[in-house]
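Dumped entry30.txt below, it's compact mmCIF, C-alpha atoms:
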# COMPACT_ATOMS: atom_id res chain seq x y z
CA MET Y 13 8.21 -10.57 70.32
CA LYS Y 14 8.47 -7.09 68.84
CA ARG Y 15 11.30 -8.17 66.56
CA ARG Y 16 9.23 -11.15 65.40
CA ASP Y 17 6.26 -8.86 64.74
CA LEU Y 18 8.51 -6.51 62.78
CA ARG Y 19 9.79 -9.41 60.69
CA LEU Y 20 6.25 -10.58 59.97
CA LEU Y 21 5.30 -7.05 59.02
CA ALA Y 22 8.31 -6.81 56.70
CA VAL Y 23 7.41 -10.12 55.06
CA ALA Y 24 3.80 -9.01 54.64
CA LEU Y 25 4.91 -5.72 53.09
CA ALA Y 26 7.25 -7.58 50.73
CA LEU Y 27 4.51 -9.97 49.68
CA PHE Y 28 2.23 -7.01 49.07
CA ALA Y 29 4.92 -5.13 47.16
CA ILE Y 30 5.54 -7.98 44.70
CA PRO Y 31 2.15 -7.83 42.94
CA VAL Y 32 2.17 -4.02 43.14
CA ALA Y 33 5.60 -3.92 41.50
CA TYR Y 34 4.48 -6.43 38.87
CA VAL Y 35 1.37 -4.40 38.04
CA TRP Y 36 3.47 -1.23 37.83
CA TRP Y 37 6.11 -2.89 35.65
CA ASN Y 38 3.52 -4.50 33.42
CA SER Y 39 1.58 -1.25 32.99
CA ARG Y 40 4.80 0.59 32.14
CA ALA Y 41 5.74 -2.10 29.62
CA VAL Y 42 2.30 -1.83 28.04
CA GLU Y 43 2.62 1.96 27.90
CA GLU Y 44 6.02 1.67 26.20
CA ARG Y 45 4.55 -0.70 23.62
CA ARG Y 46 1.73 1.78 23.01
CA GLU Y 47 4.14 4.69 22.64
CA LYS Y 48 6.33 2.77 20.20
CA THR Y 49 3.29 1.75 18.16
CA MET Y 50 1.95 5.30 17.99
CA ALA Y 51 5.36 6.64 16.96
CA GLY Y 52 5.36 4.25 14.00
CA VAL Y 53 2.10 5.56 12.51
CA PRO Y 54 2.66 8.17 9.76
CA GLN Y 55 0.36 11.05 8.91
CA PHE Y 56 -2.80 10.09 7.09
CA PRO Y 57 -2.69 10.85 3.35
CA ALA Y 58 -3.64 14.36 2.24
CA PRO Y 59 -3.38 16.15 -1.12
CA HIS Y 60 0.01 17.76 -1.86
CA GLN Y 61 1.48 16.26 1.32
CA ALA Y 62 5.23 15.84 1.40
CA PRO Y 63 5.69 12.13 2.22
CA ARG Y 64 7.97 10.99 5.01
CA ARG Y 65 10.66 8.57 3.85
CA LYS Y 66 12.20 5.59 5.55
CA PRO Y 67 15.95 6.12 6.06
CA PHE Y 68 18.25 4.14 3.79
CA PRO Y 69 20.63 1.63 5.38
CA VAL Y 70 23.93 3.08 6.61
CA SER Y 71 25.84 1.16 3.93
CA THR Y 72 23.76 2.73 1.15
CA PRO Y 73 25.48 5.53 -0.80
CA PRO Y 74 24.10 8.93 0.24
CA ARG Y 75 22.23 9.85 -2.93
CA ALA Y 76 18.49 9.92 -3.54
CA PRO Y 77 16.45 9.80 -6.73
CA GLU Y 78 14.23 12.57 -7.95
CA VAL Y 79 10.81 11.33 -6.92
CA GLN Y 80 8.21 11.93 -9.62
CA ARG Y 81 4.91 13.40 -8.55
CA PRO Y 82 1.45 13.28 -10.13
CA ALA Y 83 1.17 15.55 -13.13
CA ALA Y 84 0.34 19.20 -12.70
CA VAL Y 85 -2.44 20.68 -14.78
CA GLY Y 86 -1.58 20.39 -18.47
CA ARG Y 87 1.34 18.00 -17.95
CA HIS Y 88 1.21 14.45 -19.23
CA ASP Y 89 1.94 11.69 -16.70
CA PRO Y 90 1.68 8.23 -18.33
CA LEU Y 91 1.25 6.33 -15.05
CA ALA Y 92 -1.46 8.70 -13.86
CA SER Y 93 -3.27 8.27 -17.17
CA LEU Y 94 -3.03 4.47 -16.85
CA VAL Y 95 -4.23 4.30 -13.24
CA LEU Y 96 -7.10 6.75 -13.68
CA ALA Y 97 -8.39 5.22 -16.93
CA PRO Y 98 -11.74 3.38 -16.54
CA SER Y 99 -11.23 -0.17 -15.26
CA SER Y 100 -12.37 -2.54 -12.52
CA GLY Y 101 -9.44 -1.47 -10.38
CA SER Y 102 -5.89 -0.15 -10.37
CA ALA Y 103 -3.09 0.86 -8.03
CA LEU Y 104 -0.14 3.24 -8.00
CA ILE Y 105 2.73 2.54 -5.63
CA GLN Y 106 5.54 4.96 -4.82
CA VAL Y 107 8.38 2.45 -4.60
CA ASN Y 108 10.79 4.96 -3.05
CA ALA Y 109 8.37 5.45 -0.17
CA LEU Y 110 8.32 1.71 0.52
CA PHE Y 111 12.04 1.04 0.31
CA ASN Y 112 13.41 -0.45 3.53
CA THR Y 113 9.89 -1.32 4.75
CA PRO Y 114 8.10 -4.70 5.00
CA LEU Y 115 5.83 -3.61 2.16
CA PHE Y 116 8.75 -3.35 -0.25
CA GLU Y 117 9.49 -7.04 0.21
CA ARG Y 118 5.79 -7.79 -0.19
CA LEU Y 119 5.78 -5.86 -3.46
CA ARG Y 120 8.64 -8.01 -4.69
CA GLN Y 121 6.59 -11.11 -3.83
CA CYS Y 122 3.62 -9.75 -5.77
CA LEU Y 123 5.71 -8.98 -8.86
CA PRO Y 124 8.39 -11.71 -8.82
CA GLU Y 125 8.95 -11.82 -12.58
CA GLN Y 126 9.22 -8.06 -13.00
CA PHE Y 127 11.52 -7.49 -10.05
CA GLY Y 128 13.52 -10.64 -10.83
CA ALA Y 129 14.10 -9.38 -14.36
CA LEU Y 130 15.10 -5.97 -13.03
CA ASP Y 131 17.50 -7.63 -10.58
CA GLN Y 132 19.16 -9.54 -13.41
CA LEU Y 133 19.19 -6.48 -15.60
CA GLY Y 134 20.64 -4.42 -12.79
CA ARG Y 135 23.68 -6.66 -12.64
CA LYS Y 136 24.24 -6.10 -16.37
CA LEU Y 137 23.33 -2.43 -16.74
CA GLY Y 138 23.94 -1.04 -13.28
CA ILE Y 139 20.25 -0.54 -12.37
CA ASP Y 140 19.65 -0.26 -8.63
CA LEU Y 141 16.10 -0.98 -7.48
CA ALA Y 142 16.54 1.32 -4.50
CA TYR Y 143 17.17 4.30 -6.76
CA ASP Y 144 16.24 3.62 -10.37
CA VAL Y 145 12.70 2.28 -9.90
CA ASP Y 146 10.38 5.15 -9.04
CA ARG Y 147 6.73 4.08 -9.29
CA VAL Y 148 4.77 0.94 -10.14
CA ALA Y 149 1.24 0.94 -11.56
CA LEU Y 150 -0.93 -2.19 -11.40
CA THR Y 151 -3.94 -2.70 -13.66
CA PRO Y 152 -5.98 -5.76 -14.70
CA GLY Y 153 -4.09 -5.84 -18.01
CA GLY Y 154 -0.53 -5.63 -16.72
CA VAL Y 155 2.12 -3.61 -14.92
CA ALA Y 156 3.84 -0.32 -15.72
CA ILE Y 157 7.12 0.71 -14.08
CA SER Y 158 8.63 4.18 -14.26
CA GLY Y 159 12.19 4.94 -13.34
CA PHE Y 160 15.54 5.94 -14.75
CA PHE Y 161 15.68 3.63 -17.76
CA GLU Y 162 16.38 6.03 -20.63
CA GLY Y 163 18.94 4.51 -23.02
CA LYS Y 164 18.90 1.12 -21.28
CA PRO Y 165 17.33 -1.91 -23.03
CA VAL Y 166 15.16 -2.82 -20.05
CA ALA Y 167 12.12 -4.24 -21.88
CA GLU Y 168 14.25 -6.19 -24.35
CA SER Y 169 16.31 -7.76 -21.58
CA MET Y 170 13.16 -8.67 -19.62
CA MET Y 171 11.85 -10.71 -22.56
CA GLY Y 172 15.16 -12.48 -23.11
CA PRO Y 173 16.72 -14.02 -26.22
CA GLY Y 174 14.43 -14.96 -29.10
CA ALA Y 175 11.89 -12.19 -28.48
CA SER Y 176 10.24 -10.62 -31.50
CA SER Y 177 9.93 -6.84 -31.65
CA GLU Y 178 7.80 -4.17 -33.25
CA SER Y 179 7.58 -0.39 -33.11
CA TYR Y 180 4.37 1.08 -31.74
CA ARG Y 181 3.55 4.71 -30.93
CA ASN Y 182 7.11 5.89 -30.34
CA GLY Y 183 7.91 2.76 -28.32
CA VAL Y 184 9.14 -0.76 -28.94
CA ILE Y 185 7.24 -3.91 -27.95
CA PHE Y 186 9.05 -7.20 -27.33
CA VAL Y 187 7.08 -10.46 -27.28
CA ASN Y 188 8.26 -13.88 -26.13
CA ARG Y 189 6.31 -17.00 -25.09
CA GLY Y 190 2.99 -15.18 -24.73
CA HIS Y 191 4.44 -12.36 -22.62
CA CYS Y 192 5.29 -8.86 -23.71
CA ALA Y 193 7.29 -5.89 -22.51
CA ALA Y 194 7.38 -2.43 -24.03
CA GLN Y 195 9.62 0.55 -23.42
CA LEU Y 196 8.93 4.22 -23.99
CA GLY Y 197 11.94 6.07 -22.63
CA ASN Y 198 11.81 5.86 -18.83
CA LEU Y 199 8.60 3.82 -18.85
CA VAL Y 200 8.49 0.01 -19.04
CA ILE Y 201 5.23 -1.90 -19.52
CA THR Y 202 4.75 -5.65 -19.09
CA SER Y 203 1.79 -7.96 -19.61
CA ASP Y 204 1.30 -11.69 -19.16
CA THR Y 205 -1.40 -11.64 -21.85
CA GLY Y 206 0.99 -10.56 -24.57
CA ASP Y 207 -1.08 -7.43 -25.33
CA CYS Y 208 1.03 -4.38 -24.55
CA ARG Y 209 -0.63 -2.17 -27.15
CA ALA Y 210 -3.73 -1.52 -25.03
CA LEU Y 211 -1.58 -0.57 -22.05
CA ILE Y 212 0.51 1.80 -24.16
CA ASP Y 213 -2.66 3.40 -25.51
CA ARG Y 214 -3.89 4.03 -21.98
CA THR Y 215 -0.59 5.57 -20.84
CA LEU Y 216 -0.70 7.98 -23.78
CA GLU Y 217 -4.21 9.22 -23.02
CA PRO Y 218 -4.38 12.82 -21.72
CA THR Y 219 -3.78 13.01 -17.98
CA PRO Y 220 -6.83 14.31 -16.06
CA ASP Y 221 -6.40 17.88 -14.86
CA ASN Y 222 -7.21 16.83 -11.29
CA ALA Y 223 -4.72 13.93 -11.20
CA ALA Y 224 -2.73 15.53 -8.37
CA ASP Y 225 -5.90 15.83 -6.30
CA GLN Y 226 -6.61 12.12 -6.76
CA LEU Y 227 -3.22 10.42 -6.74
CA TYR Y 228 -1.62 11.10 -3.39
CA GLY Y 229 -0.23 8.91 -0.65
CA ASP Y 230 2.55 6.34 -0.83
CA ILE Y 231 -0.04 3.87 -2.14
CA PHE Y 232 -3.15 4.67 -4.17
CA ALA Y 233 -5.68 1.99 -5.14
CA ARG Y 234 -9.23 1.93 -6.37
CA SER Y 235 -11.62 -0.97 -6.84
CA ASP Y 236 -15.16 -1.73 -7.95
CA LEU Y 237 -15.24 -4.02 -4.88
CA ALA Y 238 -15.81 -7.22 -6.87
CA PRO Y 239 -13.01 -9.10 -4.97
CA PHE Y 240 -14.47 -7.97 -1.65
CA ARG Y 241 -18.00 -9.00 -2.54
CA ALA Y 242 -16.79 -12.49 -3.46
CA ALA Y 243 -15.19 -12.94 -0.04
CA ASN Y 244 -16.99 -14.60 2.86
CA ALA Y 245 -17.43 -11.37 4.84
CA PRO Y 246 -19.38 -11.02 8.10
CA PRO Y 247 -22.99 -9.76 7.66
CA GLU Y 248 -22.06 -6.29 9.00
CA VAL Y 249 -19.29 -5.90 6.44
CA ARG Y 250 -21.34 -7.44 3.64
CA ALA Y 251 -24.16 -4.94 4.17
CA LEU Y 252 -21.64 -2.12 3.98
CA LEU Y 253 -20.14 -3.43 0.72
CA ASP Y 254 -23.57 -3.82 -0.85
CA GLY Y 255 -24.19 -0.12 -0.23
CA LEU Y 256 -21.07 1.02 -2.10
CA ASP Y 257 -20.38 1.40 -5.82
CA GLY Y 258 -16.62 1.64 -5.45
CA LEU Y 259 -13.77 2.31 -3.08
CA THR Y 260 -10.60 4.40 -3.19
CA LEU Y 261 -7.70 3.69 -0.87
CA ARG Y 262 -4.72 5.87 -0.03
CA ALA Y 263 -1.97 4.91 2.41
CA ASN Y 264 1.20 6.36 3.90
CA VAL Y 265 3.82 3.89 5.09
CA TRP Y 266 6.14 3.90 8.08
CA ASP Y 267 6.40 1.10 10.65
CA SER Y 268 2.62 0.96 10.37
CA VAL Y 269 0.29 2.11 7.61
CA ALA Y 270 -2.02 5.13 7.88
CA LEU Y 271 -4.91 4.22 5.63
CA SER Y 272 -7.66 6.48 4.28
CA VAL Y 273 -10.58 4.82 2.51
CA THR Y 274 -13.26 6.70 0.56
CA GLY Y 275 -16.41 4.89 -0.54
CA THR Y 276 -18.99 6.07 -3.07
CA PRO Y 277 -22.55 5.13 -2.05
CA SER Y 278 -24.59 3.20 -4.60
CA ALA Y 279 -27.98 4.47 -5.76
CA GLY Y 280 -30.54 4.51 -2.97
CA HIS Y 281 -27.99 4.49 -0.14
CA ASP Y 282 -27.11 7.41 2.13
CA ALA Y 283 -23.53 8.02 3.28
CA ARG Y 284 -24.72 8.59 6.85
CA ASP Y 285 -26.33 5.15 6.98
CA LEU Y 286 -23.16 3.60 5.57
CA ALA Y 287 -21.10 5.46 8.17
CA GLN Y 288 -23.19 3.87 10.90
CA MET Y 289 -22.56 0.44 9.37
CA ALA Y 290 -18.84 1.22 9.16
CA ARG Y 291 -18.74 2.14 12.84
CA GLY Y 292 -20.41 -1.18 13.61
CA ALA Y 293 -17.80 -3.04 11.55
CA VAL Y 294 -14.97 -1.19 13.33
CA ALA Y 295 -16.52 -1.98 16.73
CA LEU Y 296 -16.80 -5.64 15.69
CA ALA Y 297 -13.12 -5.74 14.76
CA LYS Y 298 -12.09 -4.05 18.01
CA GLY Y 299 -14.16 -6.51 20.02
CA GLN Y 300 -12.22 -9.44 18.56
CA LEU Y 301 -8.87 -8.16 19.87
CA ASP Y 302 -7.35 -9.86 22.93
CA GLU Y 303 -6.06 -7.82 25.88
CA ASP Y 304 -2.46 -8.79 25.14
CA GLN Y 305 -2.70 -7.47 21.57
CA VAL Y 306 -1.51 -4.05 22.72
CA GLU Y 307 -0.19 -2.94 19.34
CA LEU Y 308 -3.41 -3.77 17.50
CA GLN Y 309 -5.52 -2.18 20.24
CA THR Y 310 -3.42 0.99 19.95
CA LEU Y 311 -3.83 1.09 16.18
CA ALA Y 312 -7.56 0.54 16.56
CA GLU Y 313 -7.79 3.83 18.44
CA PHE Y 314 -6.89 5.66 15.20
CA ALA Y 315 -10.08 4.43 13.53
CA LYS Y 316 -12.35 7.29 12.50
CA VAL Y 317 -15.52 7.23 10.40
CA ALA Y 318 -16.98 10.34 8.77
CA THR Y 319 -18.95 11.53 5.75
CA GLU Y 320 -17.79 14.25 3.42
CA SER Y 321 -19.39 15.51 0.20
CA GLY Y 322 -21.84 12.64 0.30
CA LYS Y 323 -19.13 9.96 0.54
CA LEU Y 324 -18.07 7.57 3.27
CA GLU Y 325 -14.62 8.24 4.74
CA LEU Y 326 -12.73 5.85 6.98
CA ASN Y 327 -9.28 6.31 8.54
CA LEU Y 328 -7.49 3.23 9.85
CA ALA Y 329 -4.01 2.34 11.04
CA LEU Y 330 -2.79 -1.17 10.24
CA PRO Y 331 0.40 -3.21 10.63
CA ALA Y 332 2.30 -2.74 7.37
CA GLN Y 333 2.49 -6.44 6.49
CA GLU Y 334 -1.29 -6.81 6.62
CA LEU Y 335 -2.15 -4.10 4.07
CA PHE Y 336 -2.18 -6.35 0.98
CA ASP Y 337 -4.09 -9.14 2.73
CA ARG Y 338 -6.65 -7.06 4.62
CA MET Y 339 -7.40 -4.63 1.79
CA ARG Y 340 -7.00 -7.16 -1.05
CA LEU Y 341 -4.63 -4.99 -3.06
CA PRO Y 342 -3.64 -6.44 -6.46
CA CYS Y 343 -0.87 -9.02 -6.07
CA PRO Y 344 -0.35 -10.87 -9.40
CA GLY Y 345 2.52 -13.01 -8.12
CA ARG Y 346 0.38 -14.41 -5.30
CA ASP Y 347 -2.96 -14.48 -7.08
CA ALA Y 348 -1.57 -16.38 -10.08
CA GLY Y 349 -0.90 -19.39 -7.86
CA PRO Y 350 2.02 -21.82 -8.14

Can you give me the file's structure in the form of structure tokens?
Amino acid sequence: MKRRDLRLLAVALALFAIPVAYVWWNSRAVEERREKTMAGVPQFPAPHQAPRRKPFPVSTPPRAPEVQRPAAVGRHDPLASLVLAPSSGSALIQVNALFNTPLFERLRQCLPEQFGALDQLGRKLGIDLAYDVDRVALTPGGVAISGFFEGKPVAESMMGPGASSESYRNGVIFVNRGHCAAQLGNLVITSDTGDCRALIDRTLEPTPDNAADQLYGDIFARSDLAPFRAANAPPEVRALLDGLDGLTLRANVWDSVALSVTGTPSAGHDARDLAQMARGAVALAKGQLDEDQVELQTLAEFAKVATESGKLELNLALPAQELFDRMRLPCPGRDAGP
């Protein structure tokens, strides 16, 4: 009888131990997923911050390009001049920071013609996208690419045979089938409208003295919010957009993206009221996450809303592949349609 009771007790303990072990194992697995997610979030962008770089593949030769930085006071930086010139929106992307990340492949999808031409040119002239392309600037009028192109006919090769050419402001413009490409030393400019002159003019404008204080982060973008206002946003988000004149985005990239957003309140709106709306929008987004979405829940914990100097500030962490879609960054290759 005692042996039978002991066996029943052992069975009962085993049955009790199974769910306990499962809960322990599941909680540990969740914690490991949280730790891995948190380790993949880089520092949030800050002025003069030395960016962290993704390691190159083992098979890649051990050499690294000289990464160009925003211009110091008194120094001309053509891409900074282009991005900071008045417009409805623009973006500056540090390609070297994105190499070997999901966002690099997304950038290639957004600029298929430009990167396809550079791929073809690379096979002829020995240009390596991983090293020779430094930064890419996106504006409503076209694209500017800086890199190590001096002495290489990059713009001419991009336009192909039959392109006409003209000299303009110490550069050469090539036009073919309604498209144009221009080269000024290490800078290449392309436009689907065939008007490269306006882009060249903007790159040659004096660079603002405070460019380094504005252009930081692996990705910089600014917008007048017109694309966001046209979207079918929830009422909470729509009210927030209506209270803003414009938005500036900065992001650092690792496995995830550390995103800092600064919004300028429109006339008659107070940053503190907008901050309250932003907290409501963040809470709404968090409430839509399922329990098994551990990674997204972990990233949501990084969300922080504040006001500084009369502006709205929002820090977010996002999966890298969602940055272009969620924040509606310029993507000509996708937006142009088939």

Please provide as a PDB file with C-alpha atoms, in the coordinates of the input all residues within 12 Å of Ser321 of chain Y, with the sequence filter that same-chain residues fewer than 5 positions apart are discarded (counting only C-alpha atoms).
ATOM      1  CA  THR Y 274     -13.260   6.700   0.560  1.00  0.00           C
ATOM      2  CA  GLY Y 275     -16.410   4.890  -0.540  1.00  0.00           C
ATOM      3  CA  THR Y 276     -18.990   6.070  -3.070  1.00  0.00           C
ATOM      4  CA  PRO Y 277     -22.550   5.130  -2.050  1.00  0.00           C
ATOM      5  CA  ASP Y 282     -27.110   7.410   2.130  1.00  0.00           C
ATOM      6  CA  ALA Y 283     -23.530   8.020   3.280  1.00  0.00           C
ATOM      7  CA  ARG Y 284     -24.720   8.590   6.850  1.00  0.00           C
TER       8      ARG Y 284
END

Judged by only C-alpha atoms, the minimum distance to Glu168 of chain Y among Y:Ser93, Y:Val148, Y:Val155, Y:Thr202 is found for Y:Thr202

Item to check | Closest of Y:Leu196, Y:Leu211, Y:Ala318, Y:Leu115 to Val265 of chain Y - atom-to-atom distances counting all atoms listed in the file | outcome: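 Answer, going by the shortest atom-to-atom distance: Y:Leu115.
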
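Remark: for Asn327 of chain Y, the closest of the candidate residues Y:Ala51, Y:Ala293, Y:Ala270, Y:Ile201 is Y:Ala270 (distances computed over all atoms listed in the file).
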
task = Name all residues at most 8 Å from Val200 of chain Y (count all atoms listed in the file; drop same-chain ones fewer than 4 positions away) and give them as a PyMOL selection string.
result = chain Y and resi 156-158+166-167+193-196

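For the point (-12.2, -5.6, -14.9), the residues with an atom at a distance of at most 10 Å are Pro98, Ser99, Ser100, Gly101, Ser102, Thr151, Pro152, Gly153, Ser235, Asp236 and Ala238 of chain Y, counting all atoms listed in the file.
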
Output as a compact mmCIF listing (two decimals), in the coordinates of the input: segment 190-215 of chain Y, completed with N, CA and C atoms.
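Dumped to part-v5.txt:
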# COMPACT_ATOMS: atom_id res chain seq x y z
N GLY Y 190 4.28 -15.68 -25.20
CA GLY Y 190 2.99 -15.18 -24.73
C GLY Y 190 3.07 -14.01 -23.78
N HIS Y 191 4.25 -13.53 -23.47
CA HIS Y 191 4.44 -12.36 -22.62
C HIS Y 191 4.98 -11.22 -23.46
N CYS Y 192 4.76 -10.00 -22.98
CA CYS Y 192 5.29 -8.86 -23.71
C CYS Y 192 5.83 -7.82 -22.74
N ALA Y 193 6.76 -7.03 -23.25
CA ALA Y 193 7.29 -5.89 -22.51
C ALA Y 193 7.53 -4.78 -23.53
N ALA Y 194 7.22 -3.57 -23.15
CA ALA Y 194 7.38 -2.43 -24.03
C ALA Y 194 8.13 -1.33 -23.29
N GLN Y 195 8.88 -0.54 -24.04
CA GLN Y 195 9.62 0.55 -23.42
C GLN Y 195 9.40 1.83 -24.20
N LEU Y 196 9.05 2.88 -23.46
CA LEU Y 196 8.93 4.22 -23.99
C LEU Y 196 9.77 5.14 -23.11
N GLY Y 197 11.03 5.26 -23.42
CA GLY Y 197 11.94 6.07 -22.63
C GLY Y 197 12.12 5.51 -21.24
N ASN Y 198 11.66 6.26 -20.24
CA ASN Y 198 11.81 5.86 -18.83
C ASN Y 198 10.66 5.01 -18.33
N LEU Y 199 9.76 4.61 -19.23
CA LEU Y 199 8.60 3.82 -18.85
C LEU Y 199 8.70 2.42 -19.45
N VAL Y 200 8.50 1.40 -18.60
CA VAL Y 200 8.49 0.01 -19.04
C VAL Y 200 7.14 -0.60 -18.71
N ILE Y 201 6.54 -1.29 -19.68
CA ILE Y 201 5.23 -1.90 -19.52
C ILE Y 201 5.36 -3.39 -19.75
N THR Y 202 4.73 -4.19 -18.91
CA THR Y 202 4.75 -5.65 -19.09
C THR Y 202 3.34 -6.20 -18.96
N SER Y 203 3.10 -7.31 -19.67
CA SER Y 203 1.79 -7.96 -19.61
C SER Y 203 1.96 -9.45 -19.84
N ASP Y 204 1.28 -10.24 -19.01
CA ASP Y 204 1.30 -11.69 -19.16
C ASP Y 204 0.40 -12.16 -20.30
N THR Y 205 -0.48 -11.27 -20.77
CA THR Y 205 -1.40 -11.64 -21.85
C THR Y 205 -0.78 -11.46 -23.23
N GLY Y 206 0.35 -10.81 -23.28
CA GLY Y 206 0.99 -10.56 -24.57
C GLY Y 206 0.42 -9.38 -25.32
N ASP Y 207 -0.47 -8.59 -24.69
CA ASP Y 207 -1.08 -7.43 -25.33
C ASP Y 207 -0.60 -6.16 -24.63
N CYS Y 208 0.50 -5.62 -25.12
CA CYS Y 208 1.03 -4.38 -24.55
C CYS Y 208 0.48 -3.14 -25.24
N ARG Y 209 -0.13 -3.33 -26.40
CA ARG Y 209 -0.63 -2.17 -27.15
C ARG Y 209 -1.70 -1.43 -26.36
N ALA Y 210 -2.65 -2.17 -25.77
CA ALA Y 210 -3.73 -1.52 -25.03
C ALA Y 210 -3.19 -0.73 -23.84
N LEU Y 211 -2.17 -1.27 -23.19
CA LEU Y 211 -1.58 -0.57 -22.05
C LEU Y 211 -0.88 0.70 -22.51
N ILE Y 212 -0.16 0.61 -23.63
CA ILE Y 212 0.51 1.80 -24.16
C ILE Y 212 -0.52 2.87 -24.51
N ASP Y 213 -1.60 2.44 -25.15
CA ASP Y 213 -2.66 3.40 -25.51
C ASP Y 213 -3.17 4.14 -24.28
N ARG Y 214 -3.35 3.41 -23.19
CA ARG Y 214 -3.89 4.03 -21.98
C ARG Y 214 -2.89 4.99 -21.35
N THR Y 215 -1.58 4.66 -21.40
CA THR Y 215 -0.59 5.57 -20.84
C THR Y 215 -0.46 6.85 -21.64
